[in-house]
Amino acid sequence: MTIRVAVVDDQTLVRSGFAMILGANDDIDVVAEAATGVEAVAVAREHRPDVVLMDIRMPEMDGIEATVRILEAADTTPGHEVRVLILTTFDPDEYVYRALQAGASGFVLKDTPADQLVQAVRTIADGGALLAPSITRRLISRFGKQLSTDRAVADRLDRLTEREREVTAAVARGASNAEIAEALFIGAATVKSHVSNVLTKLGLRDRAQIVVFAYESGLVEPGDIDIGY
């Protein structure tokens, strides 16, 4: 299937460059471009992309608010599933963390090599989350300390089995399925099944939201000992 992509950035040359890189691939179709968050919401509604490549800092409406509005609209539109991939100039900052809280599926730096950008879009479109373990740890260590446990979020932990909680905590620490399988002495397919169950039970979109949930619920806290992931 062809991946429909909308590219959002307030810099014309940057936006055009990303569109050219992505559009050069047979399995990707750049269906729209936008220069502001307001335009992003409009083109997402009109063109129904599978992935929105979203800049954060833009005039009129920033990428975080645009992400919230796009995902809220998609949730109320049957058959429309869209994912947001955040573009950022800097290594993980507070804006990126807020974007993940808003429902974004991951982020890439603007100087990411072309082939990695293309792969990132494919990963997001396939339902994955783009959160490199090392970057996840740094992001949480820098901004997770600002979180206070949300009681309503914490109560949702009761929906999970003990094993599902273990898997959720491991995902939050940045572990891959293979690493979780090795640490918990279970098969990779079993880990994948547990992750799927966690997403369903908690009503989450992807692994990126599992990370945010784990910290907001208090299941995992910044500074927790890294157990080898």
# chains A, B, ... in the order shown; residues from 1 in each chain; ligands from 1

$ select_by_dssp --residues "stretch 5-226 of chain A" --states "helix (DSSP H, G or I)" --output "NGL selection string"
:A and (12-23 or 37-47 or 63-75 or 94-102 or 114-125 or 133-146 or 151-159 or 162-172 or 177-184 or 188-202 or 207-216)

$ residues_around --residues "A:Thr88" --least-positions-apart "6" --cutoff "7 Å" --atoms "only C-alpha atoms" --output "PyMOL selection string"
chain A and resi 55-56+108-110

$ closest_residue --among "A:Leu53, A:Val195, A:Val8, A:Val43" --to "A:Val118" --atoms "only C-alpha atoms"
A:Leu53

$ residues_around --residues "stretch 60-74 of chain A" --least-positions-apart "2" --cutoff "12 Å" --atoms "only C-alpha atoms" --output "count of residues only"
58

$ select_by_dssp --residues "stretch 100-221 of chain A" --states "strand (DSSP E)" --output "list in words"
Gly106, Phe107, Val108 and Leu109 of chain A

$ closest_residue --among "A:Arg122, A:Lys192, A:Arg207, A:Arg173" --to "A:Arg4" --atoms "only C-alpha atoms"
A:Arg122

$ atom_distance --atom1 "atom CA of A:Asn197" --atom2 "atom CA of A:Ser176"
16.4 Å

$ atom_distance --atom1 "atom CA of A:Gln116" --atom2 "atom CA of A:Val171"
22.1 Å

$ residues_around --residues "A:Arg156" --least-positions-apart "5" --cutoff "10 Å" --atoms "only C-alpha atoms" --output "NGL selection string"
:A and (151 or 201-202 or 213 or 217)

$ write_last_selection --atoms "N, CA, C and O atoms" --output "JSON list (two decimals), in the first residue's frame"
[["chain", "number", "residue", "atom", "x", "y", "z"],
["A", 151, "ARG", "N", -3.58, 10.33, 39.35],
["A", 151, "ARG", "CA", -4.34, 9.26, 40.01],
["A", 151, "ARG", "C", -5.26, 8.53, 39.04],
["A", 151, "ARG", "O", -5.39, 7.31, 39.08],
["A", 201, "LYS", "N", -6.08, -2.62, 26.16],
["A", 201, "LYS", "CA", -6.67, -2.43, 27.49],
["A", 201, "LYS", "C", -6.62, -0.98, 27.95],
["A", 201, "LYS", "O", -7.52, -0.50, 28.65],
["A", 202, "LEU", "N", -5.56, -0.27, 27.57],
["A", 202, "LEU", "CA", -5.38, 1.10, 28.04],
["A", 202, "LEU", "C", -5.88, 2.13, 27.02],
["A", 202, "LEU", "O", -5.89, 3.33, 27.31],
["A", 213, "PHE", "N", 2.41, 6.88, 29.40],
["A", 213, "PHE", "CA", 1.51, 6.31, 30.41],
["A", 213, "PHE", "C", 2.29, 5.76, 31.60],
["A", 213, "PHE", "O", 1.90, 5.97, 32.76],
["A", 217, "SER", "N", 1.59, 7.29, 35.26],
["A", 217, "SER", "CA", 0.89, 6.42, 36.20],
["A", 217, "SER", "C", 1.73, 6.11, 37.43],
["A", 217, "SER", "O", 1.23, 5.59, 38.43]]

$ closest_residue --among "A:Asn177, A:Gln119, A:Thr112, A:Thr2" --to "A:Ser193" --atoms "only C-alpha atoms"
A:Asn177

$ closest_residue --among "A:Thr89, A:Thr168, A:Leu204, A:Leu157" --to "A:Asp111" --atoms "only C-alpha atoms"
A:Thr89

$ residues_around --residues "A:Ile21" --least-positions-apart "5" --cutoff "12 Å" --atoms "only C-alpha atoms" --output "VMD selection string"
chain A and resid 5 7 14 to 16 26 28 to 30 112 to 119 121

$ write_last_selection --atoms "N, CA, C and O atoms" --output "short mmCIF file (atom, residue, chain, number, x, y, z; two decimals), in the first residue's frame"
data_model
loop_
_atom_site.label_atom_id
_atom_site.label_comp_id
_atom_site.auth_asym_id
_atom_site.auth_seq_id
_atom_site.Cartn_x
_atom_site.Cartn_y
_atom_site.Cartn_z
N VAL A 5 1.33 10.93 2.87
CA VAL A 5 2.04 11.77 3.83
C VAL A 5 1.73 13.25 3.62
O VAL A 5 1.65 13.71 2.48
N VAL A 7 3.38 16.94 4.74
CA VAL A 7 4.60 17.54 5.29
C VAL A 7 4.29 18.94 5.80
O VAL A 7 3.78 19.78 5.05
N VAL A 14 12.84 23.80 3.52
CA VAL A 14 12.86 22.58 4.33
C VAL A 14 11.69 21.69 3.96
O VAL A 14 11.84 20.49 3.74
N ARG A 15 10.53 22.29 3.90
CA ARG A 15 9.31 21.54 3.59
C ARG A 15 9.41 20.89 2.21
O ARG A 15 9.10 19.71 2.03
N SER A 16 9.86 21.67 1.22
CA SER A 16 9.98 21.14 -0.14
C SER A 16 11.03 20.03 -0.21
O SER A 16 10.85 19.04 -0.94
N ASP A 26 8.56 4.89 -4.25
CA ASP A 26 7.35 4.37 -4.88
C ASP A 26 6.21 4.10 -3.90
O ASP A 26 5.04 4.16 -4.28
N ILE A 28 5.52 5.87 -1.18
CA ILE A 28 5.14 7.07 -0.43
C ILE A 28 4.58 8.12 -1.38
O ILE A 28 5.18 8.42 -2.41
N ASP A 29 3.45 8.69 -1.02
CA ASP A 29 2.81 9.73 -1.82
C ASP A 29 2.60 10.96 -0.94
O ASP A 29 1.85 10.90 0.04
N VAL A 30 3.30 12.05 -1.25
CA VAL A 30 3.12 13.29 -0.49
C VAL A 30 1.85 13.96 -1.02
O VAL A 30 1.83 14.52 -2.11
N THR A 112 18.35 14.42 10.05
CA THR A 112 18.35 12.97 9.85
C THR A 112 18.64 12.65 8.38
O THR A 112 18.05 13.28 7.49
N PRO A 113 19.53 11.70 8.09
CA PRO A 113 19.81 11.32 6.71
C PRO A 113 18.52 10.90 5.98
O PRO A 113 17.58 10.39 6.58
N ALA A 114 18.51 11.12 4.68
CA ALA A 114 17.31 10.89 3.87
C ALA A 114 16.77 9.47 4.02
O ALA A 114 15.57 9.26 4.16
N ASP A 115 17.66 8.47 3.98
CA ASP A 115 17.19 7.10 4.06
C ASP A 115 16.54 6.79 5.41
O ASP A 115 15.57 6.04 5.50
N GLN A 116 17.07 7.41 6.47
CA GLN A 116 16.50 7.20 7.80
C GLN A 116 15.14 7.90 7.94
O GLN A 116 14.25 7.40 8.63
N LEU A 117 14.99 9.05 7.30
CA LEU A 117 13.70 9.75 7.31
C LEU A 117 12.63 8.89 6.63
O LEU A 117 11.52 8.74 7.14
N VAL A 118 12.99 8.33 5.50
CA VAL A 118 12.05 7.48 4.77
C VAL A 118 11.66 6.27 5.62
O VAL A 118 10.48 5.92 5.71
N GLN A 119 12.65 5.65 6.25
CA GLN A 119 12.36 4.49 7.09
C GLN A 119 11.51 4.88 8.29
O GLN A 119 10.65 4.11 8.73
N VAL A 121 9.20 7.20 8.41
CA VAL A 121 7.82 7.33 7.94
C VAL A 121 7.19 5.95 7.76
O VAL A 121 6.04 5.72 8.14
#
